[in-house]
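Peer 1: This is run-v9.cif (mmCIF, C-alpha atoms).
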```
data_coords
loop_
_atom_site.label_atom_id
_atom_site.label_comp_id
_atom_site.auth_asym_id
_atom_site.auth_seq_id
_atom_site.Cartn_x
_atom_site.Cartn_y
_atom_site.Cartn_z
CA MET D 176 4.17 -41.76 14.22
CA ARG D 177 6.81 -43.15 11.91
CA LEU D 178 5.33 -41.36 8.90
CA MET D 179 5.45 -37.97 10.60
CA LYS D 180 8.99 -38.55 11.83
CA GLN D 181 10.10 -39.19 8.29
CA ILE D 182 8.47 -36.14 6.68
CA LEU D 183 11.85 -34.37 6.55
CA MET D 184 14.92 -36.23 5.39
CA ALA D 185 18.49 -35.24 4.67
CA LEU D 186 20.64 -37.34 2.38
CA THR D 187 24.30 -36.85 3.16
CA LEU D 188 26.91 -37.72 0.57
CA ALA D 189 30.52 -37.43 1.69
CA LEU D 190 32.33 -36.82 -1.58
CA VAL D 191 35.86 -35.82 -2.44
CA LEU D 192 34.98 -33.61 -5.37
CA LEU D 193 38.16 -31.57 -5.62
CA PRO D 194 41.68 -32.70 -6.40
CA PRO D 195 44.07 -32.67 -3.41
CA ALA D 196 45.50 -29.28 -4.32
CA LEU D 197 42.07 -27.68 -3.88
CA LEU D 198 40.78 -29.39 -0.75
CA PRO D 199 39.82 -27.14 2.16
CA MET D 200 42.02 -25.89 4.94
CA SER D 201 41.31 -23.65 7.89
CA ALA D 202 40.22 -20.24 6.61
CA GLN D 203 41.71 -18.55 9.69
CA ALA D 204 45.34 -19.20 8.67
CA ILE D 205 46.17 -15.50 8.90
CA GLU D 206 45.78 -12.98 11.71
CA ALA D 207 44.91 -9.30 11.40
CA LYS D 208 46.61 -6.62 13.46
CA ALA D 209 43.46 -4.53 13.12
CA ASP D 210 40.95 -4.49 15.97
CA TYR D 211 38.16 -5.20 13.49
CA ALA D 212 38.38 -6.99 10.16
CA LEU D 213 36.35 -8.84 7.56
CA LEU D 214 37.31 -10.26 4.16
CA MET D 215 34.49 -11.32 1.83
CA ASP D 216 34.34 -13.03 -1.55
CA VAL D 217 31.74 -11.08 -3.54
CA GLN D 218 30.46 -13.75 -5.93
CA SER D 219 29.84 -16.44 -3.31
CA GLY D 220 29.20 -14.09 -0.40
CA VAL D 221 31.49 -16.28 1.69
CA THR D 222 33.43 -14.65 4.53
CA LEU D 223 37.08 -15.68 4.28
CA TYR D 224 38.21 -13.99 7.49
CA GLU D 225 36.61 -12.06 10.32
CA LYS D 226 37.63 -10.49 13.62
CA ASN D 227 35.11 -8.67 15.81
CA ALA D 228 33.08 -8.25 12.63
CA ASP D 229 29.75 -7.61 14.35
CA ALA D 230 30.99 -5.26 17.06
CA PRO D 231 29.82 -1.64 16.63
CA MET D 232 32.92 0.50 16.06
CA THR D 233 33.79 4.12 15.31
CA PRO D 234 33.85 4.10 11.48
CA ALA D 235 35.22 7.61 10.87
CA SER D 236 35.10 8.55 7.17
CA MET D 237 34.29 4.99 6.13
CA SER D 238 30.67 5.79 7.05
CA LYS D 239 30.70 8.34 4.22
CA LEU D 240 29.90 5.31 2.05
CA MET D 241 26.41 5.43 3.53
CA THR D 242 26.14 9.11 2.60
CA VAL D 243 27.23 8.19 -0.91
CA LEU D 244 24.68 5.36 -1.07
CA VAL D 245 21.82 7.71 -0.19
CA VAL D 246 22.94 10.07 -2.98
CA PHE D 247 23.28 7.18 -5.45
CA GLU D 248 19.75 6.09 -4.60
CA ALA D 249 18.44 9.63 -5.11
CA LEU D 250 20.16 9.70 -8.52
CA LYS D 251 18.73 6.31 -9.42
CA ASN D 252 15.21 7.40 -8.48
CA GLY D 253 15.50 10.67 -10.40
CA GLU D 254 15.16 12.80 -7.28
CA VAL D 255 18.37 14.63 -8.21
CA SER D 256 20.75 14.67 -11.16
CA LEU D 257 24.52 14.96 -11.36
CA ASP D 258 24.09 18.45 -12.82
CA ASP D 259 21.89 19.76 -10.01
CA GLU D 260 23.63 22.39 -7.91
CA PHE D 261 23.50 22.79 -4.13
CA VAL D 262 24.48 25.87 -2.15
CA VAL D 263 27.39 25.67 0.28
CA SER D 264 25.89 26.88 3.55
CA ASP D 265 27.88 28.85 6.11
CA ASP D 266 27.54 25.86 8.47
CA ALA D 267 28.93 23.43 5.88
CA TRP D 268 31.86 25.75 5.24
CA ARG D 269 32.49 26.32 8.97
CA ARG D 270 32.30 22.67 10.10
CA GLY D 271 33.68 21.00 6.99
CA GLY D 272 35.66 23.58 5.06
CA ALA D 273 39.27 24.68 5.18
CA ALA D 274 38.81 26.43 8.54
CA SER D 275 37.74 23.16 10.22
CA GLY D 276 41.16 21.53 9.99
CA GLY D 277 39.63 18.24 8.82
CA SER D 278 39.29 16.52 5.47
CA THR D 279 37.83 19.08 3.09
CA MET D 280 37.01 19.72 -0.54
CA PHE D 281 37.89 23.42 0.00
CA LEU D 282 34.42 24.63 -0.94
CA GLU D 283 33.72 28.34 -0.75
CA ALA D 284 30.84 29.51 1.40
CA ARG D 285 27.63 30.39 -0.48
CA SER D 286 28.97 29.02 -3.77
CA ARG D 287 26.94 26.60 -5.88
CA VAL D 288 28.39 23.16 -6.65
CA SER D 289 27.03 20.30 -8.76
CA VAL D 290 26.07 16.97 -7.25
CA GLY D 291 28.63 15.28 -9.50
CA ASP D 292 31.48 17.44 -8.21
CA LEU D 293 30.31 17.03 -4.62
CA LEU D 294 30.36 13.25 -5.03
CA SER D 295 33.93 13.43 -6.31
CA GLY D 296 34.76 15.62 -3.32
CA VAL D 297 33.36 13.01 -0.93
CA ILE D 298 34.71 9.87 -2.61
CA ILE D 299 38.17 11.07 -3.68
CA GLN D 300 38.94 13.89 -1.25
CA SER D 301 36.83 12.70 1.72
CA GLY D 302 35.50 16.25 2.02
CA ASN D 303 33.40 16.82 5.13
CA ASP D 304 32.09 20.03 3.58
CA ALA D 305 30.91 18.14 0.50
CA CYS D 306 29.08 15.62 2.71
CA ILE D 307 27.25 18.34 4.62
CA VAL D 308 26.24 20.18 1.42
CA LEU D 309 24.84 16.94 -0.05
CA ALA D 310 23.04 16.16 3.21
CA GLU D 311 21.45 19.59 3.34
CA GLY D 312 20.57 19.55 -0.36
CA ILE D 313 18.85 16.16 -0.23
CA GLY D 314 17.58 15.99 3.35
CA GLY D 315 17.02 19.65 4.12
CA SER D 316 19.36 19.41 7.08
CA GLU D 317 22.15 17.08 8.15
CA THR D 318 20.00 15.76 11.00
CA ALA D 319 17.17 14.89 8.62
CA PHE D 320 19.68 13.29 6.24
CA ALA D 321 21.01 11.12 9.09
CA ASP D 322 17.43 9.93 9.61
CA ILE D 323 17.34 8.90 5.95
CA MET D 324 20.63 7.04 6.44
CA ASN D 325 19.21 5.18 9.45
CA ASP D 326 15.98 4.31 7.65
CA MET D 327 17.93 2.92 4.70
CA ALA D 328 20.25 0.99 7.02
CA GLU D 329 17.25 -0.65 8.65
CA VAL D 330 15.77 -1.66 5.30
CA LEU D 331 19.13 -3.11 4.21
CA GLY D 332 19.49 -5.13 7.41
CA PHE D 333 22.47 -3.28 8.88
CA THR D 334 21.97 -4.48 12.44
CA ASN D 335 24.97 -2.81 14.06
CA SER D 336 24.91 0.65 12.51
CA PHE D 337 23.60 4.02 13.64
CA PHE D 338 24.27 7.37 12.00
CA VAL D 339 24.30 10.80 13.60
CA ASN D 340 25.92 12.76 10.76
CA SER D 341 26.90 12.54 7.11
CA THR D 342 30.66 12.88 7.67
CA GLY D 343 31.71 10.25 10.19
CA LEU D 344 33.07 12.97 12.48
CA PRO D 345 33.34 11.66 16.07
CA HIS D 346 30.12 11.17 18.01
CA PRO D 347 29.57 8.50 20.70
CA ASP D 348 26.43 7.19 19.00
CA HIS D 349 27.77 7.12 15.43
CA LYS D 350 28.67 3.45 14.85
CA MET D 351 29.05 0.78 12.20
CA SER D 352 30.29 -2.80 12.25
CA ALA D 353 32.80 -4.28 9.83
CA ARG D 354 30.13 -6.65 8.51
CA ASP D 355 27.70 -3.82 7.84
CA LEU D 356 30.45 -1.90 6.03
CA ALA D 357 31.20 -4.95 3.88
CA LYS D 358 27.49 -5.31 3.04
CA LEU D 359 27.37 -1.61 2.19
CA ALA D 360 30.35 -1.92 -0.14
CA HIS D 361 28.77 -4.98 -1.75
CA ILE D 362 25.57 -3.04 -2.47
CA ILE D 363 27.46 -0.09 -3.98
CA ILE D 364 29.56 -2.36 -6.21
CA THR D 365 26.76 -4.64 -7.42
CA GLN D 366 23.73 -2.32 -7.55
CA TYR D 367 25.27 1.05 -8.43
CA SER D 368 27.93 0.01 -10.91
CA ASP D 369 27.25 3.09 -13.09
CA TYR D 370 28.83 5.25 -10.39
CA TYR D 371 31.38 2.83 -8.94
CA SER D 372 34.19 4.02 -11.22
CA LEU D 373 34.37 7.22 -9.14
CA PHE D 374 36.07 5.22 -6.39
CA SER D 375 39.04 4.36 -8.62
CA GLU D 376 39.80 7.98 -9.55
CA ARG D 377 43.22 8.78 -8.11
CA GLU D 378 42.91 12.54 -7.85
CA PHE D 379 40.46 15.42 -7.99
CA THR D 380 41.06 19.15 -8.17
CA TRP D 381 38.72 21.78 -6.78
CA ASN D 382 39.35 25.45 -6.13
CA ASN D 383 42.78 24.94 -7.79
CA ILE D 384 43.75 22.48 -5.06
CA ARG D 385 44.63 18.96 -6.24
CA GLN D 386 44.14 16.13 -3.78
CA GLU D 387 44.99 12.45 -4.22
CA ASN D 388 42.77 9.53 -3.33
CA ARG D 389 43.76 8.27 0.12
CA ASN D 390 43.13 4.59 -0.70
CA PRO D 391 46.64 3.02 -0.64
CA LEU D 392 45.57 -0.08 -2.56
CA LEU D 393 44.81 1.92 -5.70
CA TYR D 394 48.57 2.29 -6.13
CA ALA D 395 49.48 -1.31 -5.21
CA ASN D 396 48.86 -2.96 -8.62
CA ILE D 397 46.67 -5.73 -7.18
CA GLY D 398 43.42 -4.96 -9.00
CA ALA D 399 42.01 -2.64 -6.31
CA ASP D 400 39.44 -0.08 -7.47
CA GLY D 401 37.75 1.28 -4.30
CA LEU D 402 36.39 2.24 -1.78
CA LYS D 403 37.13 4.48 1.26
CA THR D 404 39.63 5.12 4.04
CA GLY D 405 38.92 6.48 7.50
CA HIS D 406 40.86 7.91 10.43
CA THR D 407 40.17 9.69 13.69
CA LEU D 408 41.93 9.49 17.05
CA GLU D 409 39.02 7.38 18.34
CA SER D 410 38.89 4.94 15.43
CA GLY D 411 42.50 4.57 14.44
CA TYR D 412 43.23 3.94 10.77
CA GLY D 413 40.66 2.04 8.74
CA LEU D 414 39.84 1.02 5.19
CA VAL D 415 37.03 -0.42 3.13
CA ALA D 416 38.62 -1.81 -0.02
CA SER D 417 37.67 -3.88 -3.02
CA GLY D 418 39.57 -5.38 -5.91
CA GLU D 419 39.25 -7.89 -8.72
CA GLN D 420 41.65 -10.47 -10.10
CA ASN D 421 40.85 -13.07 -12.77
CA GLY D 422 37.13 -12.53 -12.40
CA ARG D 423 37.10 -12.83 -8.60
CA ARG D 424 36.26 -9.80 -6.47
CA LEU D 425 37.00 -9.34 -2.79
CA ILE D 426 35.83 -6.79 -0.23
CA LEU D 427 38.04 -6.00 2.76
CA VAL D 428 37.17 -4.01 5.88
CA MET D 429 39.75 -3.12 8.53
CA ASN D 430 39.72 -0.64 11.40
CA GLY D 431 41.76 0.18 14.49
CA LEU D 432 45.22 0.11 12.92
CA ASN D 433 48.07 2.24 14.25
CA SER D 434 49.29 4.12 11.19
CA LYS D 435 48.85 4.72 7.48
CA ARG D 436 51.80 2.44 6.83
CA GLN D 437 50.32 -0.40 8.86
CA ARG D 438 46.96 0.08 7.17
CA ALA D 439 48.51 -0.15 3.71
CA ALA D 440 50.63 -3.18 4.59
CA GLN D 441 47.82 -5.11 6.28
CA ALA D 442 45.31 -4.34 3.54
CA ARG D 443 47.67 -5.44 0.79
CA ARG D 444 48.60 -8.62 2.68
CA PHE D 445 44.97 -9.64 3.23
CA MET D 446 43.88 -8.91 -0.31
CA ASN D 447 46.78 -10.91 -1.72
CA TRP D 448 46.01 -13.76 0.68
CA GLY D 449 42.36 -13.78 -0.29
CA PHE D 450 43.18 -14.03 -3.98
CA ARG D 451 45.96 -16.61 -3.62
CA ALA D 452 44.69 -18.89 -0.85
CA PHE D 453 41.25 -19.57 -2.34
CA ALA D 454 39.93 -20.76 -5.68
CA GLN D 455 36.51 -20.77 -7.31
CA THR D 456 35.64 -24.26 -8.52
CA THR D 457 32.69 -25.29 -10.68
CA LEU D 458 30.88 -28.04 -8.81
CA LEU D 459 27.88 -28.39 -11.15
CA GLU D 460 26.97 -26.96 -14.52
CA ARG D 461 23.51 -25.54 -15.11
CA GLY D 462 21.18 -28.35 -16.19
CA GLN D 463 23.52 -31.10 -14.95
CA VAL D 464 21.53 -33.97 -13.45
CA VAL D 465 22.59 -34.59 -9.86
CA ARG D 466 20.45 -37.60 -8.99
CA THR D 467 16.88 -38.89 -9.04
CA LEU D 468 14.66 -38.34 -6.02
CA PRO D 469 11.63 -40.54 -5.30
CA VAL D 470 8.17 -39.15 -6.03
CA TRP D 471 4.97 -40.13 -4.25
CA HIS D 472 1.64 -40.39 -6.11
CA GLY D 473 3.36 -39.65 -9.42
CA ALA D 474 3.04 -41.10 -12.89
CA GLU D 475 6.80 -41.70 -12.61
CA ALA D 476 8.59 -43.10 -9.58
CA GLY D 477 11.18 -40.36 -9.44
CA VAL D 478 12.25 -36.93 -10.62
CA GLU D 479 15.71 -35.86 -11.73
CA ILE D 480 17.11 -32.77 -10.05
CA VAL D 481 19.41 -30.13 -11.51
CA PRO D 482 20.99 -26.95 -10.05
CA GLU D 483 19.12 -23.69 -10.67
CA LYS D 484 22.31 -22.30 -12.21
CA ARG D 485 25.99 -23.13 -12.43
CA PHE D 486 27.13 -23.96 -8.89
CA GLU D 487 30.57 -22.53 -8.23
CA VAL D 488 32.07 -23.26 -4.83
CA LEU D 489 34.79 -21.23 -3.14
CA ALA D 490 37.36 -23.44 -1.44
CA PRO D 491 40.79 -22.92 0.15
CA ARG D 492 43.81 -24.26 -1.69
CA GLY D 493 46.22 -26.83 -0.35
CA ALA D 494 44.10 -28.39 2.40
CA ARG D 495 43.53 -32.04 3.26
CA ARG D 496 40.00 -32.18 4.60
CA LYS D 497 37.00 -33.42 2.67
CA MET D 498 34.12 -31.44 1.28
CA ILE D 499 30.75 -32.58 2.66
CA ILE D 500 27.74 -32.28 0.38
CA THR D 501 24.18 -32.71 1.66
CA ILE D 502 21.01 -32.82 -0.39
CA THR D 503 17.99 -32.00 1.73
CA TYR D 504 14.41 -32.41 0.55
CA GLU D 505 10.93 -32.76 1.98
CA ARG D 506 9.90 -36.36 2.07
CA PRO D 507 7.74 -37.50 0.46
CA ILE D 508 7.93 -35.39 -2.71
CA ILE D 509 4.32 -35.43 -3.87
CA ALA D 510 3.19 -35.20 -7.49
CA PRO D 511 2.22 -33.26 -9.51
CA ILE D 512 5.57 -31.52 -10.05
CA GLU D 513 6.23 -28.85 -12.64
CA LYS D 514 9.54 -28.61 -14.45
CA GLY D 515 11.64 -26.00 -12.66
CA ASP D 516 10.00 -26.46 -9.26
CA ALA D 517 12.46 -26.17 -6.36
CA VAL D 518 12.35 -29.60 -4.73
CA ALA D 519 15.65 -29.86 -2.83
CA LEU D 520 18.61 -27.92 -1.48
CA MET D 521 22.28 -28.78 -1.93
CA ARG D 522 24.62 -27.57 0.80
CA VAL D 523 28.41 -27.68 0.58
CA THR D 524 30.22 -27.56 3.91
CA ILE D 525 33.94 -26.79 4.06
CA PRO D 526 35.79 -26.51 7.39
CA GLY D 527 36.39 -22.89 8.33
CA LEU D 528 33.86 -21.43 5.89
CA ALA D 529 30.12 -20.79 6.00
CA PRO D 530 28.04 -23.35 4.07
CA GLN D 531 27.45 -22.64 0.38
CA GLU D 532 24.01 -23.59 -0.93
CA MET D 533 22.15 -24.05 -4.20
CA SER D 534 18.48 -24.81 -4.91
CA MET D 535 17.85 -28.03 -6.84
CA LEU D 536 15.08 -27.93 -9.44
CA ALA D 537 12.94 -30.62 -11.04
CA ALA D 538 14.38 -31.42 -14.46
CA GLN D 539 11.05 -32.59 -15.87
CA LYS D 540 7.33 -32.47 -15.21
CA VAL D 541 5.81 -35.36 -13.22
CA GLU D 542 2.06 -35.82 -13.57
CA ARG D 543 -0.12 -37.16 -10.79
CA GLY D 544 -0.48 -40.95 -11.08
CA ASN D 545 -3.69 -42.94 -11.39
CA PHE D 546 -5.73 -44.16 -8.43
CA ILE D 547 -4.20 -47.66 -8.38
CA GLY D 548 -0.64 -46.33 -8.44
CA ARG D 549 -1.36 -43.86 -5.68
CA SER D 550 -2.89 -46.61 -3.58
CA PHE D 551 0.21 -48.80 -3.93
CA ASP D 552 2.39 -45.78 -3.02
CA SER D 553 0.37 -45.21 0.14
CA LEU D 554 0.49 -48.90 1.10
CA GLY D 555 4.23 -49.08 0.51
CA TYR D 556 4.80 -45.93 2.52
CA MET D 557 2.84 -47.36 5.48
CA LEU D 558 4.73 -50.65 5.33
CA TRP D 559 8.26 -49.46 4.66
CA GLY D 560 8.18 -45.75 5.36
CA GLY D 561 9.08 -45.03 1.77
CA ALA D 562 12.65 -46.26 2.30
CA HIS D 563 14.65 -46.15 -0.89
CA GLU D 564 18.28 -45.84 0.08
#
```
What would the structure in this file look like if it were written as structure tokens?

Peer 2:
Amino acid sequence: MRLMKQILMALTLALVLLPPALLPMSAQAIEAKADYALLMDVQSGVTLYEKNADAPMTPASMSKLMTVLVVFEALKNGEVSLDDEFVVSDDAWRRGGAASGGSTMFLEARSRVSVGDLLSGVIIQSGNDACIVLAEGIGGSETAFADIMNDMAEVLGFTNSFFVNSTGLPHPDHKMSARDLAKLAHIIITQYSDYYSLFSEREFTWNNIRQENRNPLLYANIGADGLKTGHTLESGYGLVASGEQNGRRLILVMNGLNSKRQRAAQARRFMNWGFRAFAQTTLLERGQVVRTLPVWHGAEAGVEIVPEKRFEVLAPRGARRKMIITITYERPIIAPIEKGDAVALMRVTIPGLAPQEMSMLAAQKVERGNFIGRSFDSLGYMLWGGAHE
């Protein structure tokens, strides 16, 4: 039936809303030497670049971010405090301490260390011993802690991650994808901001041994303030990084690079590109009327729609293509309608980027019309299908 076929309708408006200098170009105008990569704009959630982003990879110490997230959540829930002290077990000292030959905080066996210091040991020094002590203190054992990590990953929608340990030490089943790592970094930055400043600390001293933060971007003067490096023979050199310039924040994930030097150079290049090649543009202000949509069985014939909040769109600079805007709504829109009801969806499509969307709300209340008006609406709809464009 014609009526049923017309229940859903999309109005497409092809509009050049940005000046030529801000029109979109291909987002893939740069190529990573890393085997895996993803660059994300935090505010919009738009992916600016990706390469094998959903492939499970060996994350090395980058997966320590998941260990940190579990600890942050325990702190948030009051299960532990920064002043609580955990005992350094013989196993933690043997597998993660100085004798292990790996990244270590240089903890002493059977000593007691605060959660706050252990977090600094993990985040700044990448201490495997600190990870194991935290895992044992919170989970009872590292195996049980890994189960907590996997449960949390499932809840958060990390579809290509599986954890076997708290350290990221090599294991064939211990995997994460670049996209999951970017999501993890996003959660830490946006939901645990009280602790995020730990990632920008450039050094930490424990047991009279000073160690510098391994994140090369902290020293690059580009606004970087986190998060974590990683390296094993299996993974190559990797990095999860974030930085902010002029109110815009980016998250970068790279893995499978050949050296520290290449990691630093590639990370700096991609962060600079992400900040320079794209701009945030205000498309609509909050409360700005977009258009009037027809209403069926209403006291008024239409309802004005406004964005639910300021709609800022991320777009590449210097491109020639046009931005396509679609407003999609269920047709007919039937009264009564309350002010603030979501009645439509605006989608902005830019070549090379994922669509950016915003809910459109009713700007005013529309009461249900009287019987005669509703009858005319129904007759008109049967005769003309409610056409109005």

Peer 1: Could you work out how far CA of Leu244 (chain D) lies from CA of Met327 (chain D), giving the answer in Å with one decimal?

Peer 2: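 CA of Leu244 (chain D) lies 9.2 Å from CA of Met327 (chain D).
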
Peer 1: Pick out the closest residue to Glu376 (chain D) from this set: D:Glu419, D:Gly449, D:Thr524, D:Ser295. Count all atoms listed in the file.

Peer 2: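 Among the listed residues, the smallest separation from Glu376 (chain D) belongs to D:Ser295.
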
Peer 1: Please write the residues picked by the PyMOL selection byres ((chain D and resi 352) around 10) on this file as a PyMOL selection string.

Peer 2: chain D and resi 211-213+227-234+333-337+350-351+353-358+428+430

Peer 1: Go through D:Asn382, D:Gln441, D:Ser410, D:Gln463 and flag the residue nearest Pro482 (chain D), using only C-alpha atoms for the distances.

Peer 2: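 The shortest atom-to-atom distance to Pro482 (chain D) comes from D:Gln463.
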
Peer 1: Excluding Met533 (chain D) and its own-chain neighbours fewer than 5 positions away, which residues fall within 12 Å of it when counting only C-alpha atoms? Please give them as a list of chain:residue names.

Peer 2: D:Ser219, D:Leu458, D:Leu459, D:Glu460, D:Arg461, D:Val465, D:Ile480, D:Val481, D:Pro482, D:Glu483, D:Lys484, D:Arg485, D:Phe486, D:Glu487, D:Val488, D:Ile500, D:Thr501, D:Ile502, D:Thr503, D:Ala517, D:Val518, D:Ala519, D:Leu520, D:Met521, D:Arg522, D:Val523, D:Thr524

Peer 1: Place N, CA and C atoms on region 517-533 of chain D and deliver the coordinates as a PDB file, in the coordinates of the input.

Peer 2:
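This went into out.pdb:
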```
ATOM      1  N   ALA D 517      11.385 -25.916  -7.331  1.00  0.00           N
ATOM      2  CA  ALA D 517      12.460 -26.170  -6.360  1.00  0.00           C
ATOM      3  C   ALA D 517      12.016 -27.312  -5.459  1.00  0.00           C
ATOM      4  N   VAL D 518      12.752 -28.418  -5.497  1.00  0.00           N
ATOM      5  CA  VAL D 518      12.350 -29.600  -4.730  1.00  0.00           C
ATOM      6  C   VAL D 518      13.396 -30.031  -3.708  1.00  0.00           C
ATOM      7  N   ALA D 519      14.599 -29.441  -3.761  1.00  0.00           N
ATOM      8  CA  ALA D 519      15.650 -29.860  -2.830  1.00  0.00           C
ATOM      9  C   ALA D 519      16.663 -28.727  -2.686  1.00  0.00           C
ATOM     10  N   LEU D 520      17.559 -28.902  -1.729  1.00  0.00           N
ATOM     11  CA  LEU D 520      18.610 -27.920  -1.480  1.00  0.00           C
ATOM     12  C   LEU D 520      19.941 -28.661  -1.330  1.00  0.00           C
ATOM     13  N   MET D 521      20.939 -28.226  -2.089  1.00  0.00           N
ATOM     14  CA  MET D 521      22.280 -28.780  -1.930  1.00  0.00           C
ATOM     15  C   MET D 521      23.103 -27.828  -1.081  1.00  0.00           C
ATOM     16  N   ARG D 522      23.763 -28.361  -0.078  1.00  0.00           N
ATOM     17  CA  ARG D 522      24.620 -27.570   0.800  1.00  0.00           C
ATOM     18  C   ARG D 522      26.021 -28.146   0.788  1.00  0.00           C
ATOM     19  N   VAL D 523      27.006 -27.280   0.566  1.00  0.00           N
ATOM     20  CA  VAL D 523      28.410 -27.680   0.580  1.00  0.00           C
ATOM     21  C   VAL D 523      29.053 -27.100   1.839  1.00  0.00           C
ATOM     22  N   THR D 524      29.599 -27.974   2.658  1.00  0.00           N
ATOM     23  CA  THR D 524      30.220 -27.560   3.910  1.00  0.00           C
ATOM     24  C   THR D 524      31.722 -27.803   3.823  1.00  0.00           C
ATOM     25  N   ILE D 525      32.490 -26.734   4.085  1.00  0.00           N
ATOM     26  CA  ILE D 525      33.940 -26.790   4.060  1.00  0.00           C
ATOM     27  C   ILE D 525      34.437 -26.247   5.391  1.00  0.00           C
ATOM     28  N   PRO D 526      35.309 -26.982   6.084  1.00  0.00           N
ATOM     29  CA  PRO D 526      35.790 -26.510   7.390  1.00  0.00           C
ATOM     30  C   PRO D 526      36.340 -25.091   7.316  1.00  0.00           C
ATOM     31  N   GLY D 527      35.897 -24.255   8.244  1.00  0.00           N
ATOM     32  CA  GLY D 527      36.390 -22.890   8.330  1.00  0.00           C
ATOM     33  C   GLY D 527      35.614 -21.879   7.529  1.00  0.00           C
ATOM     34  N   LEU D 528      34.659 -22.335   6.706  1.00  0.00           N
ATOM     35  CA  LEU D 528      33.860 -21.430   5.890  1.00  0.00           C
ATOM     36  C   LEU D 528      32.372 -21.653   6.149  1.00  0.00           C
ATOM     37  N   ALA D 529      31.568 -20.637   5.911  1.00  0.00           N
ATOM     38  CA  ALA D 529      30.120 -20.790   6.000  1.00  0.00           C
ATOM     39  C   ALA D 529      29.641 -21.708   4.886  1.00  0.00           C
ATOM     40  N   PRO D 530      28.558 -22.464   5.110  1.00  0.00           N
ATOM     41  CA  PRO D 530      28.040 -23.350   4.070  1.00  0.00           C
ATOM     42  C   PRO D 530      27.664 -22.572   2.810  1.00  0.00           C
ATOM     43  N   GLN D 531      27.832 -23.210   1.674  1.00  0.00           N
ATOM     44  CA  GLN D 531      27.450 -22.640   0.380  1.00  0.00           C
ATOM     45  C   GLN D 531      26.319 -23.503  -0.179  1.00  0.00           C
ATOM     46  N   GLU D 532      25.220 -22.852  -0.604  1.00  0.00           N
ATOM     47  CA  GLU D 532      24.010 -23.590  -0.930  1.00  0.00           C
ATOM     48  C   GLU D 532      23.514 -23.267  -2.343  1.00  0.00           C
ATOM     49  N   MET D 533      22.755 -24.223  -2.881  1.00  0.00           N
ATOM     50  CA  MET D 533      22.150 -24.050  -4.200  1.00  0.00           C
ATOM     51  C   MET D 533      20.824 -24.798  -4.241  1.00  0.00           C
TER      52      MET D 533
END
```
